[in-house]
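Trainee: Below is the structure I would like to discuss, written out as structure tokens.
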Amino acid sequence: MRSIHDTETPVESLLDMLHGSWKTQALGAAAELRIADRIAEGHTDVRALASACDCDVDALHRLLGSLASLGLCIEDGDGHLALTPLGDCLRDDSPDSIRAWVLWWSQHLLPVWVQLPYSVRYGLEARSRVTGEAGFSSLEKSPERAALFNTAMSELTRLVATHVACDYDFPAYGLITDLGGGQGTLLAAILARHPASRGLLFDLPHALDKAAACLAAQGVSARCTCVAGDFFDAVPENADVYMMKSILHDWDDARARDLLHTCRRAMRPDARLLVIEHLMPDRMEACRAHQSLARLDLSMLVALGARERSEAEYRALLDAAGFAVTRIMPTGMAFHLIEATPR
């Protein structure tokens with residue numbers, strides 16, 4: 001596997017790593033100021049854009065220069081701005097928008113990363129040291145934060161939803177329950193692909209807030225029920241497939257086992273569990289794919305005291321909760337589909 005640092009000196013590579021956070025902050029500023037939206041609306045002159053964004057003209061021009069260096073926009077010889085396909089992803093109305101995720105990462109995750117030495121020293125989450133609240137408890141208290149988080153999760157799920165819907169053999173006429181499915185992005189894509197299947201979307205009340213609109217946009221509202229609840233307490237019974245995407249990695253092994261036990265109690269003997277997660281390699285190498293996994297894993301550690309897991313670790317976790325892994329297959333965005341059945 002070719003290293004990404006083959007053409008750089010060691011010190012150049014290290015400096016590039018060290019200074020990389022400026023890109024996050026530049027993207028975060030662009031997202032907060034809605035620069036992409038304003039350019040798309042026709043504010044293509046720097047002065048007009050500064051007025052629309054309520055910004056200092058010179059400072060905005062410098063930010064735009066940084067965005068141009070990242071390939072998000074271009075400025076022609078007459079000083080007019082245009083978005084690139086990359087920049088379009090920061091527009092709220094783009095089908096490929098990740099604006100909410102950019103805001104969540106730059107405003108709510110990045111500050112927690114400063115506490116990484118604490119998390120490494122003690123093996124504990126550090127979000128409570130920054131915000132005063134651990135886990136997801138702040139979402140229950142702040143509708144604004146919950147809305148941003150849930151939209152961000154929906155954006156990330158959209159990137160893999162079609163892959164999952166096409167790659168897995170969901171039952172043609174069965175009931176598919178999505179545990180922790182948020183706004184329903186994944187379940188809606190699956191139901192759209194399988195027009196005779198029915199769905200049940202299960203999550204906390206704040207996460208289901210925009211689910212009706214998402215399901216309606218895919219034309220599947222009539223075949224999907226939304227149920228609010230806590231999956232550590234109980235989950236709905238009698239589904240053919242229980243699905244959890246990016247759920248188990250939010251919890252340490254003990255809590256993940258608790259969740260799986262709760263799910264196991266609700267399942268019929270012939271039901272299937274579909275876990276959709278990234279898989280950590282047995283040995284890390286200097287490549288972009290492994291850097292992405294390292295970012296995910298350390299983010300789970302510092303924010304939640306949780307972890308990404310290897311195939312062997314997922315097999316052991318599922319076995320301890322009374323499941324037998326029947327198959328594992330890759331799908332989009334480097335996710336894997338882990339199918340298990342009750343033992």
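In the structure tokens, each chain is lettered A, B, ... as it comes, each chain's residues begin at 1, and ligands are numbered from 1 in order of appearance.
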I'd like the neighbourhood of stretch 293-306 of chain A as a ChimeraX atom specification, where a residue qualifies if any of its atoms comes within 6 Å (using only C-alpha atoms), though same-chain residues fewer than 2 positions away should be ignored.
Mentor: /A:116,119,124-127,135,250-252,290-291,308
Trainee: Any chance you can output those residues with C-alpha atoms as a compact mmCIF listing (two decimals), in the first residue's frame?
Mentor:
```txt
# COMPACT_ATOMS: atom_id res chain seq x y z
CA LEU A 116 -7.64 13.82 23.80
CA SER A 119 -9.08 10.43 27.25
CA LEU A 124 -12.70 8.08 29.46
CA GLU A 125 -14.83 10.42 27.38
CA ALA A 126 -13.88 14.10 27.58
CA ARG A 127 -17.05 15.82 26.35
CA GLY A 135 -22.92 11.34 25.97
CA ASP A 250 -21.40 4.95 20.18
CA TRP A 251 -21.11 2.73 23.25
CA ASP A 252 -18.49 0.86 25.22
CA HIS A 290 -6.73 3.85 7.88
CA GLN A 291 -6.46 7.53 8.78
CA GLU A 308 -14.77 1.44 16.52
```
Trainee: DSSP says helix (DSSP H, G or I) for which residues of stretch 159-200 of chain A? Put them as a ChimeraX atom specification?
Mentor: /A:159-167,185-193
Trainee: Taking the chain letters and numbering used in this document, name the residues of stretch 175-341 of chain A that DSSP puts in strand (DSSP E), as a ChimeraX atom specification.
Mentor: /A:175-179,198-203,224-228,241-245,272-277,279-280,309-310,323-330,336-341
Trainee: Generate a file of the selected residues that holds N, CA and C atoms, formatted as a short mmCIF file (atom, residue, chain, number, x, y, z; two decimals), in the first residue's frame.
Mentor:
```cif
data_model
loop_
_atom_site.label_atom_id
_atom_site.label_comp_id
_atom_site.auth_asym_id
_atom_site.auth_seq_id
_atom_site.Cartn_x
_atom_site.Cartn_y
_atom_site.Cartn_z
N LEU A 175 -41.23 -6.83 7.66
CA LEU A 175 -41.15 -5.63 8.47
C LEU A 175 -39.70 -5.38 8.85
N ILE A 176 -39.21 -4.18 8.53
CA ILE A 176 -37.83 -3.79 8.81
C ILE A 176 -37.87 -2.71 9.89
N THR A 177 -37.24 -2.97 11.02
CA THR A 177 -37.19 -2.00 12.12
C THR A 177 -35.80 -1.40 12.20
N ASP A 178 -35.75 -0.08 12.11
CA ASP A 178 -34.48 0.66 12.19
C ASP A 178 -34.35 1.24 13.59
N LEU A 179 -33.45 0.67 14.38
CA LEU A 179 -33.23 1.12 15.75
C LEU A 179 -32.25 2.27 15.77
N ARG A 198 -42.46 -3.20 4.72
CA ARG A 198 -42.95 -2.20 5.67
C ARG A 198 -41.81 -1.83 6.62
N GLY A 199 -41.91 -0.63 7.20
CA GLY A 199 -40.85 -0.17 8.08
C GLY A 199 -41.37 0.33 9.41
N LEU A 200 -40.49 0.24 10.42
CA LEU A 200 -40.76 0.84 11.72
C LEU A 200 -39.50 1.60 12.13
N LEU A 201 -39.66 2.88 12.34
CA LEU A 201 -38.54 3.76 12.71
C LEU A 201 -38.60 4.02 14.20
N PHE A 202 -37.52 3.65 14.92
CA PHE A 202 -37.53 3.71 16.38
C PHE A 202 -36.37 4.56 16.87
N ASP A 203 -36.68 5.62 17.61
CA ASP A 203 -35.63 6.48 18.14
C ASP A 203 -36.22 7.38 19.23
N CYS A 224 -44.62 3.09 6.68
CA CYS A 224 -43.67 3.22 7.79
C CYS A 224 -44.32 3.85 9.01
N THR A 225 -44.04 3.28 10.16
CA THR A 225 -44.53 3.79 11.43
C THR A 225 -43.36 4.32 12.24
N CYS A 226 -43.56 5.46 12.88
CA CYS A 226 -42.54 6.03 13.75
C CYS A 226 -42.93 5.79 15.21
N VAL A 227 -42.02 5.23 15.97
CA VAL A 227 -42.28 4.93 17.38
C VAL A 227 -41.14 5.53 18.21
N ALA A 228 -41.48 6.31 19.22
CA ALA A 228 -40.48 6.92 20.10
C ALA A 228 -40.20 5.99 21.28
N VAL A 241 -36.43 -7.96 10.18
CA VAL A 241 -35.04 -7.49 10.22
C VAL A 241 -34.96 -6.33 11.21
N TYR A 242 -34.00 -6.42 12.12
CA TYR A 242 -33.67 -5.30 13.00
C TYR A 242 -32.36 -4.71 12.51
N MET A 243 -32.32 -3.41 12.36
CA MET A 243 -31.19 -2.76 11.73
C MET A 243 -30.62 -1.69 12.68
N MET A 244 -29.30 -1.65 12.79
CA MET A 244 -28.63 -0.62 13.57
C MET A 244 -27.44 -0.10 12.77
N LYS A 245 -27.53 1.14 12.33
CA LYS A 245 -26.42 1.75 11.60
C LYS A 245 -25.72 2.78 12.50
N ARG A 272 -33.64 -11.47 11.70
CA ARG A 272 -32.24 -11.17 11.44
C ARG A 272 -31.87 -9.81 12.03
N LEU A 273 -30.62 -9.70 12.47
CA LEU A 273 -30.06 -8.43 12.93
C LEU A 273 -29.04 -7.97 11.90
N LEU A 274 -29.14 -6.71 11.48
CA LEU A 274 -28.19 -6.15 10.53
C LEU A 274 -27.48 -4.98 11.19
N VAL A 275 -26.21 -5.17 11.47
CA VAL A 275 -25.36 -4.14 12.07
C VAL A 275 -24.53 -3.50 10.95
N ILE A 276 -24.58 -2.18 10.85
CA ILE A 276 -23.87 -1.47 9.79
C ILE A 276 -22.83 -0.57 10.44
N GLU A 277 -21.58 -0.97 10.33
CA GLU A 277 -20.49 -0.28 10.99
C GLU A 277 -19.22 -0.35 10.15
N LEU A 279 -15.21 -1.37 10.06
CA LEU A 279 -14.39 -2.40 10.70
C LEU A 279 -12.95 -1.93 10.78
N MET A 280 -12.40 -1.97 11.98
CA MET A 280 -11.00 -1.60 12.16
C MET A 280 -10.10 -2.73 11.64
N ARG A 309 -14.64 -0.97 16.11
CA ARG A 309 -14.24 -2.33 16.44
C ARG A 309 -13.80 -3.09 15.19
N SER A 310 -12.99 -4.11 15.41
CA SER A 310 -12.57 -5.01 14.34
C SER A 310 -13.64 -6.06 14.11
N PHE A 323 -25.97 -13.91 19.81
CA PHE A 323 -26.13 -13.90 18.35
C PHE A 323 -25.02 -14.71 17.69
N ALA A 324 -25.34 -15.24 16.53
CA ALA A 324 -24.35 -15.90 15.68
C ALA A 324 -24.21 -15.09 14.40
N VAL A 325 -23.00 -14.67 14.08
CA VAL A 325 -22.76 -13.93 12.84
C VAL A 325 -22.87 -14.90 11.67
N THR A 326 -23.73 -14.56 10.71
CA THR A 326 -23.94 -15.43 9.56
C THR A 326 -23.17 -14.98 8.32
N ARG A 327 -22.93 -13.68 8.19
CA ARG A 327 -22.11 -13.19 7.08
C ARG A 327 -21.75 -11.74 7.31
N ILE A 328 -20.66 -11.33 6.66
CA ILE A 328 -20.18 -9.94 6.70
C ILE A 328 -19.82 -9.56 5.28
N MET A 329 -20.33 -8.41 4.84
CA MET A 329 -20.05 -7.98 3.47
C MET A 329 -19.81 -6.48 3.43
N PRO A 330 -18.96 -6.02 2.52
CA PRO A 330 -18.71 -4.59 2.40
C PRO A 330 -19.86 -3.88 1.69
N HIS A 336 -19.46 -1.84 6.56
CA HIS A 336 -19.69 -3.27 6.38
C HIS A 336 -21.07 -3.65 6.93
N LEU A 337 -21.69 -4.61 6.29
CA LEU A 337 -22.96 -5.16 6.75
C LEU A 337 -22.67 -6.44 7.52
N ILE A 338 -23.02 -6.44 8.79
CA ILE A 338 -22.80 -7.61 9.64
C ILE A 338 -24.17 -8.21 9.96
N GLU A 339 -24.43 -9.37 9.40
CA GLU A 339 -25.71 -10.05 9.62
C GLU A 339 -25.55 -11.08 10.73
N ALA A 340 -26.51 -11.09 11.65
CA ALA A 340 -26.48 -12.06 12.74
C ALA A 340 -27.89 -12.55 13.03
N THR A 341 -27.96 -13.74 13.59
CA THR A 341 -29.25 -14.33 13.95
C THR A 341 -29.20 -14.77 15.41
#
```
Trainee: How far is it from atom CA of A:Tyr168 to atom CA of A:Asp258, in Å with one decimal?
Mentor: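 Separating atom CA of A:Tyr168 from atom CA of A:Asp258 is a distance of 25.9 Å.
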Trainee: Excluding same-chain residues fewer than 2 positions from A:Ala321, what lies within 10 Å of it counting only C-alpha atoms, as an mmCIF file with N, CA and C atoms, in the first residue's frame?
Mentor:
```cif
data_model
loop_
_atom_site.group_PDB
_atom_site.id
_atom_site.type_symbol
_atom_site.label_atom_id
_atom_site.label_comp_id
_atom_site.auth_asym_id
_atom_site.auth_seq_id
_atom_site.Cartn_x
_atom_site.Cartn_y
_atom_site.Cartn_z
ATOM 1 N N ALA A 256 -22.976 -1.670 24.863
ATOM 2 C CA ALA A 256 -23.321 -2.280 23.580
ATOM 3 C C ALA A 256 -23.939 -3.657 23.792
ATOM 4 N N ARG A 257 -23.404 -4.422 24.742
ATOM 5 C CA ARG A 257 -24.000 -5.729 25.062
ATOM 6 C C ARG A 257 -25.407 -5.557 25.621
ATOM 7 N N ASP A 258 -25.598 -4.556 26.476
ATOM 8 C CA ASP A 258 -26.938 -4.294 27.010
ATOM 9 C C ASP A 258 -27.934 -4.037 25.880
ATOM 10 N N LEU A 259 -27.518 -3.216 24.926
ATOM 11 C CA LEU A 259 -28.396 -2.898 23.796
ATOM 12 C C LEU A 259 -28.710 -4.142 22.976
ATOM 13 N N LEU A 260 -27.696 -4.941 22.718
ATOM 14 C CA LEU A 260 -27.911 -6.158 21.939
ATOM 15 C C LEU A 260 -28.805 -7.155 22.687
ATOM 16 N N HIS A 261 -28.659 -7.237 23.996
ATOM 17 C CA HIS A 261 -29.548 -8.109 24.784
ATOM 18 C C HIS A 261 -30.993 -7.641 24.664
ATOM 19 N N THR A 262 -31.205 -6.326 24.728
ATOM 20 C CA THR A 262 -32.560 -5.788 24.586
ATOM 21 C C THR A 262 -33.143 -6.151 23.227
ATOM 22 N N CYS A 263 -32.338 -6.018 22.209
ATOM 23 C CA CYS A 263 -32.778 -6.360 20.860
ATOM 24 C C CYS A 263 -33.053 -7.860 20.752
ATOM 25 N N ARG A 264 -32.179 -8.665 21.332
ATOM 26 C CA ARG A 264 -32.325 -10.125 21.268
ATOM 27 C C ARG A 264 -33.647 -10.573 21.887
ATOM 28 N N ALA A 316 -17.193 -11.225 18.740
ATOM 29 C CA ALA A 316 -17.195 -11.534 20.169
ATOM 30 C C ALA A 316 -18.341 -10.809 20.879
ATOM 31 N N LEU A 317 -18.566 -9.556 20.504
ATOM 32 C CA LEU A 317 -19.639 -8.764 21.118
ATOM 33 C C LEU A 317 -21.000 -9.390 20.839
ATOM 34 N N LEU A 318 -21.230 -9.771 19.605
ATOM 35 C CA LEU A 318 -22.505 -10.371 19.224
ATOM 36 C C LEU A 318 -22.672 -11.749 19.856
ATOM 37 N N ASP A 319 -21.600 -12.511 19.923
ATOM 38 C CA ASP A 319 -21.657 -13.839 20.542
ATOM 39 C C ASP A 319 -22.037 -13.727 22.025
ATOM 40 N N PHE A 323 -25.974 -13.909 19.805
ATOM 41 C CA PHE A 323 -26.128 -13.896 18.351
ATOM 42 C C PHE A 323 -25.018 -14.707 17.691
ATOM 43 N N ALA A 324 -25.342 -15.238 16.527
ATOM 44 C CA ALA A 324 -24.354 -15.898 15.678
ATOM 45 C C ALA A 324 -24.210 -15.088 14.396
ATOM 46 N N PRO A 342 -30.363 -14.824 16.073
ATOM 47 C CA PRO A 342 -30.388 -15.276 17.473
ATOM 48 C C PRO A 342 -29.949 -16.734 17.574
ATOM 49 N N ARG A 343 -29.194 -17.032 18.610
ATOM 50 C CA ARG A 343 -28.800 -18.425 18.859
ATOM 51 C C ARG A 343 -29.820 -19.114 19.749
#
```
Trainee: List the spatial neighbours of A:Leu67 as a list in words - criterion: any atom at most 9 Å away, only C-alpha atoms, same-chain residues fewer than 2 positions off excluded.
Mentor: Lys23, Ala26, Leu27, Ala30, Arg62, Leu63, Leu64, Gly65, Ser69, Leu70, Gly71, Leu72, Cys73, Ile74 and Gly87 of chain A
Trainee: Export, as an mmCIF file, in the first residue's frame, the selected residues with all heavy atoms.
Mentor:
```
data_model
loop_
_atom_site.group_PDB
_atom_site.id
_atom_site.type_symbol
_atom_site.label_atom_id
_atom_site.label_comp_id
_atom_site.auth_asym_id
_atom_site.auth_seq_id
_atom_site.Cartn_x
_atom_site.Cartn_y
_atom_site.Cartn_z
ATOM 1 N N LYS A 23 -8.166 23.883 7.996
ATOM 2 C CA LYS A 23 -9.148 23.537 6.972
ATOM 3 C C LYS A 23 -10.529 23.335 7.608
ATOM 4 O O LYS A 23 -11.537 23.783 7.062
ATOM 5 C CB LYS A 23 -8.711 22.273 6.229
ATOM 6 C CG LYS A 23 -7.365 22.397 5.532
ATOM 7 C CD LYS A 23 -6.939 21.067 4.911
ATOM 8 C CE LYS A 23 -5.547 21.166 4.311
ATOM 9 N NZ LYS A 23 -5.109 19.863 3.742
ATOM 10 N N ALA A 26 -11.861 26.767 8.441
ATOM 11 C CA ALA A 26 -12.278 27.509 7.252
ATOM 12 C C ALA A 26 -13.608 26.976 6.721
ATOM 13 O O ALA A 26 -14.506 27.747 6.360
ATOM 14 C CB ALA A 26 -11.198 27.423 6.172
ATOM 15 N N LEU A 27 -13.740 25.666 6.684
ATOM 16 C CA LEU A 27 -15.007 25.073 6.249
ATOM 17 C C LEU A 27 -16.132 25.421 7.218
ATOM 18 O O LEU A 27 -17.258 25.720 6.809
ATOM 19 C CB LEU A 27 -14.865 23.557 6.138
ATOM 20 C CG LEU A 27 -13.955 23.026 5.024
ATOM 21 C CD1 LEU A 27 -13.783 21.521 5.164
ATOM 22 C CD2 LEU A 27 -14.509 23.369 3.662
ATOM 23 N N ALA A 30 -17.210 28.987 6.639
ATOM 24 C CA ALA A 30 -17.989 29.082 5.396
ATOM 25 C C ALA A 30 -19.403 28.548 5.601
ATOM 26 O O ALA A 30 -20.374 29.121 5.100
ATOM 27 C CB ALA A 30 -17.284 28.312 4.282
ATOM 28 N N ARG A 62 -10.230 37.125 2.078
ATOM 29 C CA ARG A 62 -9.146 36.228 2.501
ATOM 30 C C ARG A 62 -9.683 34.819 2.788
ATOM 31 O O ARG A 62 -9.038 33.812 2.447
ATOM 32 C CB ARG A 62 -8.450 36.821 3.723
ATOM 33 C CG ARG A 62 -7.693 38.094 3.360
ATOM 34 C CD ARG A 62 -7.430 38.973 4.563
ATOM 35 N NE ARG A 62 -6.491 38.363 5.500
ATOM 36 C CZ ARG A 62 -6.141 38.932 6.652
ATOM 37 N NH1 ARG A 62 -6.660 40.093 7.005
ATOM 38 N NH2 ARG A 62 -5.265 38.346 7.441
ATOM 39 N N LEU A 63 -10.862 34.744 3.408
ATOM 40 C CA LEU A 63 -11.466 33.428 3.627
ATOM 41 C C LEU A 63 -11.785 32.763 2.291
ATOM 42 O O LEU A 63 -11.548 31.563 2.109
ATOM 43 C CB LEU A 63 -12.728 33.551 4.473
ATOM 44 C CG LEU A 63 -13.517 32.249 4.688
ATOM 45 C CD1 LEU A 63 -12.676 31.196 5.395
ATOM 46 C CD2 LEU A 63 -14.810 32.511 5.463
ATOM 47 N N LEU A 64 -12.305 33.541 1.352
ATOM 48 C CA LEU A 64 -12.612 32.985 0.033
ATOM 49 C C LEU A 64 -11.346 32.476 -0.648
ATOM 50 O O LEU A 64 -11.377 31.459 -1.347
ATOM 51 C CB LEU A 64 -13.292 34.039 -0.833
ATOM 52 C CG LEU A 64 -14.726 34.403 -0.425
ATOM 53 C CD1 LEU A 64 -15.171 35.673 -1.142
ATOM 54 C CD2 LEU A 64 -15.686 33.262 -0.706
ATOM 55 N N GLY A 65 -10.235 33.184 -0.443
ATOM 56 C CA GLY A 65 -8.973 32.698 -0.995
ATOM 57 C C GLY A 65 -8.590 31.349 -0.424
ATOM 58 O O GLY A 65 -8.098 30.468 -1.148
ATOM 59 N N SER A 69 -8.235 27.782 -2.425
ATOM 60 C CA SER A 69 -7.062 26.905 -2.350
ATOM 61 C C SER A 69 -7.460 25.469 -2.042
ATOM 62 O O SER A 69 -6.729 24.528 -2.373
ATOM 63 C CB SER A 69 -6.085 27.418 -1.292
ATOM 64 O OG SER A 69 -6.529 27.105 0.027
ATOM 65 N N LEU A 70 -8.619 25.307 -1.418
ATOM 66 C CA LEU A 70 -9.131 23.962 -1.119
ATOM 67 C C LEU A 70 -10.010 23.406 -2.227
ATOM 68 O O LEU A 70 -10.485 22.273 -2.140
ATOM 69 C CB LEU A 70 -9.926 23.994 0.193
ATOM 70 C CG LEU A 70 -9.124 24.316 1.455
ATOM 71 C CD1 LEU A 70 -10.058 24.474 2.656
ATOM 72 C CD2 LEU A 70 -8.083 23.244 1.727
ATOM 73 N N GLY A 71 -10.267 24.235 -3.243
ATOM 74 C CA GLY A 71 -11.049 23.769 -4.385
ATOM 75 C C GLY A 71 -12.547 23.897 -4.227
ATOM 76 O O GLY A 71 -13.311 23.259 -4.955
ATOM 77 N N LEU A 72 -13.008 24.764 -3.300
ATOM 78 C CA LEU A 72 -14.450 24.913 -3.085
ATOM 79 C C LEU A 72 -15.072 26.002 -3.951
ATOM 80 O O LEU A 72 -16.278 25.988 -4.189
ATOM 81 C CB LEU A 72 -14.746 25.216 -1.610
ATOM 82 C CG LEU A 72 -14.867 23.986 -0.703
ATOM 83 C CD1 LEU A 72 -13.500 23.407 -0.385
ATOM 84 C CD2 LEU A 72 -15.598 24.337 0.579
ATOM 85 N N CYS A 73 -14.272 26.966 -4.382
ATOM 86 C CA CYS A 73 -14.785 28.035 -5.229
ATOM 87 C C CYS A 73 -13.668 28.544 -6.120
ATOM 88 O O CYS A 73 -12.493 28.231 -5.904
ATOM 89 C CB CYS A 73 -15.371 29.181 -4.397
ATOM 90 S SG CYS A 73 -14.159 30.046 -3.367
ATOM 91 N N ILE A 74 -14.047 29.310 -7.131
ATOM 92 C CA ILE A 74 -13.071 29.924 -8.029
ATOM 93 C C ILE A 74 -13.458 31.386 -8.212
ATOM 94 O O ILE A 74 -14.619 31.764 -8.087
ATOM 95 C CB ILE A 74 -13.011 29.213 -9.399
ATOM 96 C CG1 ILE A 74 -14.399 29.144 -10.038
ATOM 97 C CG2 ILE A 74 -12.425 27.818 -9.255
ATOM 98 C CD1 ILE A 74 -14.393 28.564 -11.432
ATOM 99 N N GLY A 87 -17.710 22.824 -3.492
ATOM 100 C CA GLY A 87 -18.364 23.900 -2.765
ATOM 101 C C GLY A 87 -19.866 23.730 -2.689
ATOM 102 O O GLY A 87 -20.507 24.157 -1.715
#
```
Trainee: Of the candidates A:Pro236, A:Val46, A:Ser246, A:Ala196, which shows the shortest atom-to-atom distance to A:Ala222, using only C-alpha atoms?
Mentor: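 Once distances to A:Ala222 are computed over only C-alpha atoms, the minimum belongs to A:Ala196.
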Trainee: Using only C-alpha atoms, which of the listed residues (A:Met267, A:Ala216, A:Ala312, A:Leu156) sits closest to A:Met333?
Mentor: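 Under the stated criterion, the closest residue is A:Leu156.
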Trainee: Please compute the atom CA of A:Thr84-atom CA of A:Trp22 distance, one decimal, in Å.
Mentor: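 Computing it gives 20.0 Å between the two atoms.
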Trainee: For A:Arg145, please output as a list in words all residues within 12 Å (counting only C-alpha atoms; exclusion window: fewer than 4 positions along the same chain).
Mentor: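 The contact residues come out as Ala100, Trp101, Leu103, Trp104, Gln107, His108, Phe136, Ser137, Ser138, Leu139, Glu140, Lys141, Phe149, Asn150, Thr151, Ala152, His206 and Ala207 of chain A.
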Trainee: Write out the residues from the selection above, keeping C-alpha atoms, as an mmCIF file, in the first residue's frame.
Mentor:
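Written output follows (again.cif):
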```cif
data_model
loop_
_atom_site.group_PDB
_atom_site.id
_atom_site.type_symbol
_atom_site.label_atom_id
_atom_site.label_comp_id
_atom_site.auth_asym_id
_atom_site.auth_seq_id
_atom_site.Cartn_x
_atom_site.Cartn_y
_atom_site.Cartn_z
ATOM 1 C CA ALA A 100 -24.836 20.377 9.107
ATOM 2 C CA TRP A 101 -22.032 17.844 9.589
ATOM 3 C CA LEU A 103 -21.069 22.702 11.580
ATOM 4 C CA TRP A 104 -21.334 19.826 14.058
ATOM 5 C CA GLN A 107 -18.389 23.652 16.529
ATOM 6 C CA HIS A 108 -19.175 20.657 18.744
ATOM 7 C CA PHE A 136 -26.021 12.559 24.158
ATOM 8 C CA SER A 137 -27.711 14.168 27.164
ATOM 9 C CA SER A 138 -27.249 17.709 25.835
ATOM 10 C CA LEU A 139 -29.477 16.883 22.849
ATOM 11 C CA GLU A 140 -32.446 16.369 25.160
ATOM 12 C CA LYS A 141 -31.970 19.847 26.632
ATOM 13 C CA PHE A 149 -26.965 16.764 15.209
ATOM 14 C CA ASN A 150 -29.884 14.841 13.711
ATOM 15 C CA THR A 151 -29.556 16.645 10.381
ATOM 16 C CA ALA A 152 -25.815 15.945 10.369
ATOM 17 C CA HIS A 206 -36.074 14.600 19.305
ATOM 18 C CA ALA A 207 -34.489 12.360 16.662
#
```
Trainee: Name the closest residue to A:Asp37 among the candidates A:His278, A:Gly20, A:Cys89, A:Ala189; distances are taken between atoms, counting only C-alpha atoms.
Mentor: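 Of the candidates, the smallest distance to A:Asp37 is held by A:Cys89.
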Trainee: With distances taken over only C-alpha atoms, which residue among A:Leu60, A:Ala82, A:Ala146, A:Val130 lies nearest A:Gly42?
Mentor: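 Of all the options, A:Ala82 lies closest to A:Gly42.
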